Amino acid sequence: MGNVIEYKLTAKGVKPTAVRLLVLDVLSKQDSAISLSELENSFAKADRITLYRTLKTFETHNLIHRIDDGTGALKYALCLDGCECHLKDLHVHFHCTRCRRTYCLTEITIPFVTLPEKFTTQEINMVIKGLCQKCSS
Ligand SMILES: [Zn+2]
Ligand SMILES: [Zn+2]
């Protein structure tokens, strides 16, 4: 673990406590988005409230983003370096209906949508459902 993780925290203005370092380490090792329960399962002794608060702190500091993939359980994934979670930073998410994993497709930005007059965008959530690479081969 060590310095890279610690740097990621301090670079975003988050004080590197023991729990935060551990949670960020777990998040960095995922290749798909993770729910609070899945995060909890990766700790032998886990205090759900502490983990939840840690995720909230990470989210407000643009270290991670929340994904509503339509399954009812919110998922979390690391933001790319330099992400400020502005609308222009948003990317498409993919939910696999077979393995039920949710992936960040960070190379695919959400297309700009022109809304009718007096409608303003606050959030855009684009989830594509289908089979992932592993499940379709
Ligand atoms: Zn899959
Ligand atoms: Zn994402």
# chains A, B, ... in the order shown; residues from 1 in each chain; ligands from 1
call {"tool": "residues_near_ligand", "arguments": {"ligand": "ligand 1", "cutoff": "6 Å", "atoms": "only C-alpha atoms and all ligand atoms", "output": "ChimeraX atom specification"}}
result
/A:96,98-99,131-132,134-135
call {"tool": "write_last_selection", "arguments": {"atoms": "C-alpha atoms", "output": "PDB file, in the first residue's frame"}}
result
ATOM      1  CA  CYS A  96     -23.611  -6.642 -17.016  1.00  0.00           C
ATOM      2  CA  ARG A  98     -25.055 -11.868 -16.258  1.00  0.00           C
ATOM      3  CA  CYS A  99     -22.216 -11.243 -13.752  1.00  0.00           C
ATOM      4  CA  LEU A 131     -23.091  -8.519 -21.459  1.00  0.00           C
ATOM      5  CA  CYS A 132     -19.552  -7.536 -20.505  1.00  0.00           C
ATOM      6  CA  LYS A 134     -15.970 -11.752 -20.005  1.00  0.00           C
ATOM      7  CA  CYS A 135     -19.592 -12.836 -20.182  1.00  0.00           C
TER       8      CYS A 135
END
call {"tool": "residues_near_ligand", "arguments": {"ligand": "ligand 2", "cutoff": "7 Å", "atoms": "only C-alpha atoms and all ligand atoms", "output": "ChimeraX atom specification"}}
result
/A:65,67,77,79,91-93,103-106
call {"tool": "select_by_dssp", "arguments": {"residues": "stretch 8-119 of chain A", "states": "alpha helix (DSSP H)", "output": "number ranges by chain"}}
result
A: 8-11, 18-28, 36-41, 48-60
call {"tool": "closest_residue", "arguments": {"among": "A:Ala44, A:Leu55, A:Leu87, A:His95", "to": "A:Ile110", "atoms": "only C-alpha atoms"}}
result
A:Leu87
call {"tool": "closest_residue", "arguments": {"among": "A:Thr109, A:Ser37, A:Asn62, A:Thr121", "to": "A:Lys8", "atoms": "only C-alpha atoms"}}
result
A:Asn62
call {"tool": "atom_distance", "arguments": {"atom1": "atom CA of A:Thr102", "atom2": "atom CA of A:Ala33"}}
result
5.4 Å
call {"tool": "residues_around", "arguments": {"residues": "stretch 20-24 of chain A", "least_positions_apart": "3", "cutoff": "12 Å", "atoms": "only C-alpha atoms", "output": "ChimeraX atom specification"}}
result
/A:1-10,14-17,27-30,34,36,38-43,46-48,50-59,63-64,76-79
call {"tool": "write_last_selection", "arguments": {"atoms": "N, CA and C atoms", "output": "short mmCIF file (atom, residue, chain, number, x, y, z; two decimals), in the first residue's frame"}}
result
data_model
loop_
_atom_site.label_atom_id
_atom_site.label_comp_id
_atom_site.auth_asym_id
_atom_site.auth_seq_id
_atom_site.Cartn_x
_atom_site.Cartn_y
_atom_site.Cartn_z
N MET A 1 0.87 -1.18 0.00
CA MET A 1 0.00 0.00 0.00
C MET A 1 0.90 1.23 0.00
N GLY A 2 0.86 2.02 1.05
CA GLY A 2 1.84 3.08 1.23
C GLY A 2 1.60 4.37 0.49
N ASN A 3 2.69 4.88 -0.09
CA ASN A 3 2.73 6.27 -0.51
C ASN A 3 1.75 6.71 -1.59
N VAL A 4 1.53 5.83 -2.58
CA VAL A 4 0.66 6.22 -3.69
C VAL A 4 -0.75 6.51 -3.17
N ILE A 5 -1.24 5.61 -2.33
CA ILE A 5 -2.57 5.76 -1.75
C ILE A 5 -2.63 7.02 -0.89
N GLU A 6 -1.60 7.19 -0.07
CA GLU A 6 -1.58 8.35 0.81
C GLU A 6 -1.55 9.65 0.00
N TYR A 7 -0.79 9.64 -1.09
CA TYR A 7 -0.71 10.82 -1.94
C TYR A 7 -2.06 11.15 -2.57
N LYS A 8 -2.77 10.09 -3.01
CA LYS A 8 -4.10 10.29 -3.61
C LYS A 8 -5.03 11.03 -2.66
N LEU A 9 -4.93 10.69 -1.37
CA LEU A 9 -5.77 11.34 -0.37
C LEU A 9 -5.36 12.79 -0.16
N THR A 10 -4.10 13.00 0.12
CA THR A 10 -3.65 14.36 0.44
C THR A 10 -3.80 15.29 -0.77
N VAL A 14 -7.76 15.29 1.60
CA VAL A 14 -8.33 14.40 2.61
C VAL A 14 -7.22 13.92 3.54
N LYS A 15 -7.45 14.07 4.83
CA LYS A 15 -6.47 13.64 5.82
C LYS A 15 -6.34 12.11 5.80
N PRO A 16 -5.12 11.60 5.63
CA PRO A 16 -4.97 10.14 5.51
C PRO A 16 -5.03 9.40 6.85
N THR A 17 -6.24 9.03 7.26
CA THR A 17 -6.37 8.22 8.47
C THR A 17 -6.22 6.74 8.08
N LEU A 27 -10.61 0.07 -2.84
CA LEU A 27 -11.24 0.65 -4.03
C LEU A 27 -10.30 0.64 -5.23
N SER A 28 -9.02 0.89 -4.99
CA SER A 28 -8.06 0.93 -6.10
C SER A 28 -7.85 -0.44 -6.73
N LYS A 29 -8.18 -1.48 -6.00
CA LYS A 29 -7.93 -2.83 -6.51
C LYS A 29 -9.10 -3.42 -7.30
N GLN A 30 -10.19 -2.68 -7.37
CA GLN A 30 -11.38 -3.19 -8.06
C GLN A 30 -11.30 -2.91 -9.55
N ILE A 34 -18.10 -0.96 -6.80
CA ILE A 34 -18.33 -1.77 -5.60
C ILE A 34 -19.42 -1.11 -4.75
N LEU A 36 -21.55 -0.67 -0.97
CA LEU A 36 -21.15 -0.58 0.44
C LEU A 36 -21.05 -1.98 1.06
N GLU A 38 -20.40 -4.82 -0.45
CA GLU A 38 -19.21 -5.51 -0.97
C GLU A 38 -17.95 -4.98 -0.30
N LEU A 39 -17.94 -3.67 -0.06
CA LEU A 39 -16.79 -3.07 0.63
C LEU A 39 -16.68 -3.65 2.04
N GLU A 40 -17.83 -3.72 2.70
CA GLU A 40 -17.90 -4.27 4.06
C GLU A 40 -17.35 -5.70 4.09
N ASN A 41 -17.69 -6.49 3.08
CA ASN A 41 -17.24 -7.89 3.03
C ASN A 41 -15.73 -8.03 2.87
N SER A 42 -15.08 -6.98 2.36
CA SER A 42 -13.64 -7.11 2.18
C SER A 42 -12.86 -6.75 3.44
N PHE A 43 -13.58 -6.44 4.51
CA PHE A 43 -12.93 -6.21 5.80
C PHE A 43 -13.39 -7.28 6.79
N ALA A 46 -15.69 -4.91 10.16
CA ALA A 46 -16.08 -3.67 9.50
C ALA A 46 -17.20 -2.97 10.24
N ASP A 47 -17.04 -1.70 10.43
CA ASP A 47 -18.08 -0.89 11.00
C ASP A 47 -18.73 -0.16 9.82
N ARG A 48 -19.96 -0.60 9.51
CA ARG A 48 -20.66 -0.10 8.32
C ARG A 48 -20.76 1.43 8.28
N THR A 50 -18.78 3.67 9.70
CA THR A 50 -17.48 4.26 9.40
C THR A 50 -17.18 4.14 7.92
N LEU A 51 -17.46 2.96 7.35
CA LEU A 51 -17.21 2.76 5.92
C LEU A 51 -18.07 3.71 5.10
N TYR A 52 -19.33 3.84 5.48
CA TYR A 52 -20.25 4.72 4.78
C TYR A 52 -19.76 6.17 4.82
N ARG A 53 -19.34 6.59 6.02
CA ARG A 53 -18.84 7.97 6.17
C ARG A 53 -17.58 8.19 5.34
N THR A 54 -16.73 7.17 5.31
CA THR A 54 -15.50 7.27 4.53
C THR A 54 -15.83 7.45 3.05
N LEU A 55 -16.81 6.67 2.56
CA LEU A 55 -17.23 6.82 1.16
C LEU A 55 -17.77 8.22 0.90
N LYS A 56 -18.57 8.73 1.84
CA LYS A 56 -19.13 10.09 1.70
C LYS A 56 -18.02 11.12 1.60
N THR A 57 -17.01 10.99 2.48
CA THR A 57 -15.88 11.93 2.47
C THR A 57 -15.17 11.87 1.12
N PHE A 58 -14.93 10.65 0.65
CA PHE A 58 -14.25 10.48 -0.65
C PHE A 58 -15.08 11.11 -1.76
N GLU A 59 -16.40 10.94 -1.65
CA GLU A 59 -17.27 11.45 -2.69
C GLU A 59 -17.25 12.98 -2.73
N LEU A 63 -12.88 11.95 -5.03
CA LEU A 63 -11.98 10.80 -5.13
C LEU A 63 -12.72 9.63 -5.76
N ILE A 64 -14.00 9.54 -5.45
CA ILE A 64 -14.84 8.47 -6.00
C ILE A 64 -16.14 9.08 -6.50
N TYR A 76 -19.85 2.39 -6.04
CA TYR A 76 -18.83 3.44 -5.98
C TYR A 76 -17.61 3.02 -6.77
N ALA A 77 -17.00 3.99 -7.44
CA ALA A 77 -15.78 3.70 -8.19
C ALA A 77 -14.85 4.90 -8.11
N LEU A 78 -13.57 4.63 -8.23
CA LEU A 78 -12.58 5.70 -8.18
C LEU A 78 -12.77 6.65 -9.35
N CYS A 79 -12.51 7.91 -9.11
CA CYS A 79 -12.50 8.89 -10.19
C CYS A 79 -11.10 8.88 -10.81
#
call {"tool": "closest_residue", "arguments": {"among": "A:Ile108, A:Gly13, A:Val113, A:Arg100", "to": "A:Gly130", "atoms": "only C-alpha atoms"}}
result
A:Arg100
call {"tool": "closest_residue", "arguments": {"among": "A:Glu107, A:Arg101, A:Asp25, A:Met126", "to": "A:Ala73", "atoms": "only C-alpha atoms"}}
result
A:Arg101
call {"tool": "atom_distance", "arguments": {"atom1": "atom CA of A:Val19", "atom2": "atom CA of A:Asp68"}}
result
24.7 Å
call {"tool": "select_by_dssp", "arguments": {"residues": "chain A", "states": "strand (DSSP E or B)", "output": "list of chain:residue names"}}
result
A:Ile34, A:Ser35, A:Ile64, A:His65, A:Arg66, A:Ile67, A:Lys75, A:Tyr76, A:Ala77, A:Leu78, A:His91, A:Val92, A:His93, A:Phe94, A:His95, A:Cys96, A:Thr102, A:Tyr103, A:Cys104, A:Leu105, A:Thr106, A:Glu107, A:Ile108, A:Thr109, A:Val127, A:Ile128, A:Lys129, A:Gly130
call {"tool": "atom_distance", "arguments": {"atom1": "atom CA of A:Glu123", "atom2": "atom CA of A:Cys85"}}
result
10.2 Å
call {"tool": "closest_residue", "arguments": {"among": "A:Lys12, A:Ser35, A:Thr60, A:Thr114", "to": "A:Lys75", "atoms": "only C-alpha atoms"}}
result
A:Ser35
